[in-house]
Every structure is written in structure tokens, then in C-alpha cells.
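Contents: one structure, followed by commentary.
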Amino acid sequence: MAQTIVLIDYENVGSPGLEALPEQCRVILFIGRSQPLPKNDLIEKLLNDGKRVEIVKIAGVGKDNLDHHLALYLGKTIALEPQANFIIISSDKSGFDPLAEHVTKVLGTSCKRQTPHKRQPKQPAAAPKAAAPKITAAKQVQKAPPAA
């Protein structure tokens, strides 16, 4: 069975993108320069779930800088492991969908982009419904006859 390698645009996704990863996968986590590293408990959870984790902290800044690094690592890893299945977790459809399609169709290596799993916000507890007000018959107001 081919190994699954997941490349995560952590700058774009954050921690919710790390939920529901495939079992026994290798994770390459790309973190932007100004972004804090993930908490140790998150990394420990990934390791305890049988995942191998590599963190790539990007030093430079610039438009799409992290995306370019992710694409570089994708190409390098495909060259070393062309039979692996690759998943890019990012919300960047316009950047990564064409790349994943090219890798799959032209290079013959399985690659797809997935939208990160977002945590659903907790719904506030429904307030108890107040009893509907009773409708009473409206009082009829009689108009005085017009003065002559």
C-alpha cells in the first residue's frame, strides 16, 4: 500500500486542518515566519496517532512565499517517492488545484487538494420559548358623529 504524504499550509489553515488526517500518514507542516509554532500537545497528538511530522518553518516573507515552498517540497518528495499519495491541505484553490491536477495527470502521481476541516462553532443553547401572549378582543372605539 502506498504511503500518504500530507502537506499542510498551516499559515492558511491552522490547527483545524490537522483534524481527521488519514491514518498512518506522513505530515509536512509549513509554518509562516510570523506564525507561532503549533502547541506541543497538538504535535504529541499527531505522533500518538501514528503520524510522522516534519515542520518546515519558512524564514522569508512575501506574497505566496509559503505556497512556493510547499510546491518545492511537493516536487522534491515526489521525486523521492513517486508512488506515494499526496494531499495538500489548504484553502487556496486557485493556487493548489491546478498544481495537484498537473501532478496527477502529467506526472502520474496521485495528488489532490483538500479544504481543511473547520471546527463547527458551538450553537448557543436555545432559550426556552416564552409563552405566546394571549390575544384579547380589541376594544372598539366609536367615533363621535361629525358636528353639524
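Residue numbering restarts at 1 for every chain of the C-alpha cells, chains are lettered A, B, ... in their displayed order, and ligands are numbered from 1 as they appear.
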
Tell me, counting only C-alpha atoms, for each residue of segment 69-124 of chain A within 10 Å of segment 50-64 of chain A, which pair of atoms is nearest and how far apart they are in Å to one decimal, in rows ordered by chain and increasing number, as a Markdown table.
| residue | atom | partner | partner_atom | distance |
| --- | --- | --- | --- | --- |
| A:His69 | CA | A:Ile58 | CA | 7.8 |
| A:Leu70 | CA | A:Val56 | CA | 9.0 |
| A:Tyr73 | CA | A:Val56 | CA | 9.6 |
| A:Gly95 | CA | A:Asp64 | CA | 9.1 |

Checklist entry - Between atom CA of Tyr10 of chain A and atom CA of Phe30 of chain A, what is the distance, to one decimal in Å? => result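 Answer for the atom CA of Tyr10 of chain A to atom CA of Phe30 of chain A separation: 5.6 Å.
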
Item to check | Picked from segment 14-135 of chain A by DSSP as helix (DSSP H, G or I), as number ranges by chain | outcome: A: 15-18, 40-48, 65-80, 93-105

Checklist entry - Which is closest to Glu23 of chain A among A:Gln35, A:Asn40, A:Asn48, A:Gln83, if we use only C-alpha atoms? => result A:Asn48

Item to check | All residues 10 Å or closer to Glu81 of chain A, only C-alpha atoms, same chain fewer than 6 positions away omitted, as a ChimeraX atom specification | outcome: /A:2-3,5,75,109

Item to check | Test item: residues at most 7 Å from Ile8 of chain A, only C-alpha atoms, excluding those fewer than 4 positions along its chain, as number ranges by chain | outcome: A: 28-30, 88-90

Could those selected residues go to a file with N, CA and C atoms, as a short mmCIF file (atom, residue, chain, number, x, y, z; two decimals), in the first residue's frame?
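The resulting file, out.cif, is reproduced below:
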data_model
loop_
_atom_site.label_atom_id
_atom_site.label_comp_id
_atom_site.auth_asym_id
_atom_site.auth_seq_id
_atom_site.Cartn_x
_atom_site.Cartn_y
_atom_site.Cartn_z
N ILE A 28 3.83 16.97 6.53
CA ILE A 28 4.81 18.04 6.40
C ILE A 28 4.04 19.34 6.62
N LEU A 29 4.38 20.01 7.70
CA LEU A 29 3.63 21.18 8.17
C LEU A 29 4.42 22.44 7.85
N PHE A 30 3.88 23.30 7.00
CA PHE A 30 4.55 24.53 6.59
C PHE A 30 4.01 25.70 7.41
N ILE A 88 -2.68 17.92 -0.32
CA ILE A 88 -2.34 19.28 0.10
C ILE A 88 -3.56 19.81 0.85
N ILE A 89 -3.37 20.19 2.09
CA ILE A 89 -4.48 20.77 2.85
C ILE A 89 -4.28 22.28 2.88
N SER A 90 -5.17 22.97 2.19
CA SER A 90 -5.12 24.42 2.06
C SER A 90 -6.46 24.93 1.55
#

Checklist entry - When you draw a straight line from atom CA of Phe86 of chain A to atom CA of Lys112 of chain A, how long is it in Å? => result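 Calculated distance between atom CA of Phe86 of chain A and atom CA of Lys112 of chain A is 6.5 Å.
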
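One distance worth recording is that between atom CA of Ile31 of chain A and atom CA of Cys111 of chain A, which is 20.8 Å.
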
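Of the listed residues (A:Gly32, A:Pro116, A:Gly108, A:Pro98), A:Pro116 comes nearest to Leu18 of chain A; the distances count only C-alpha atoms.
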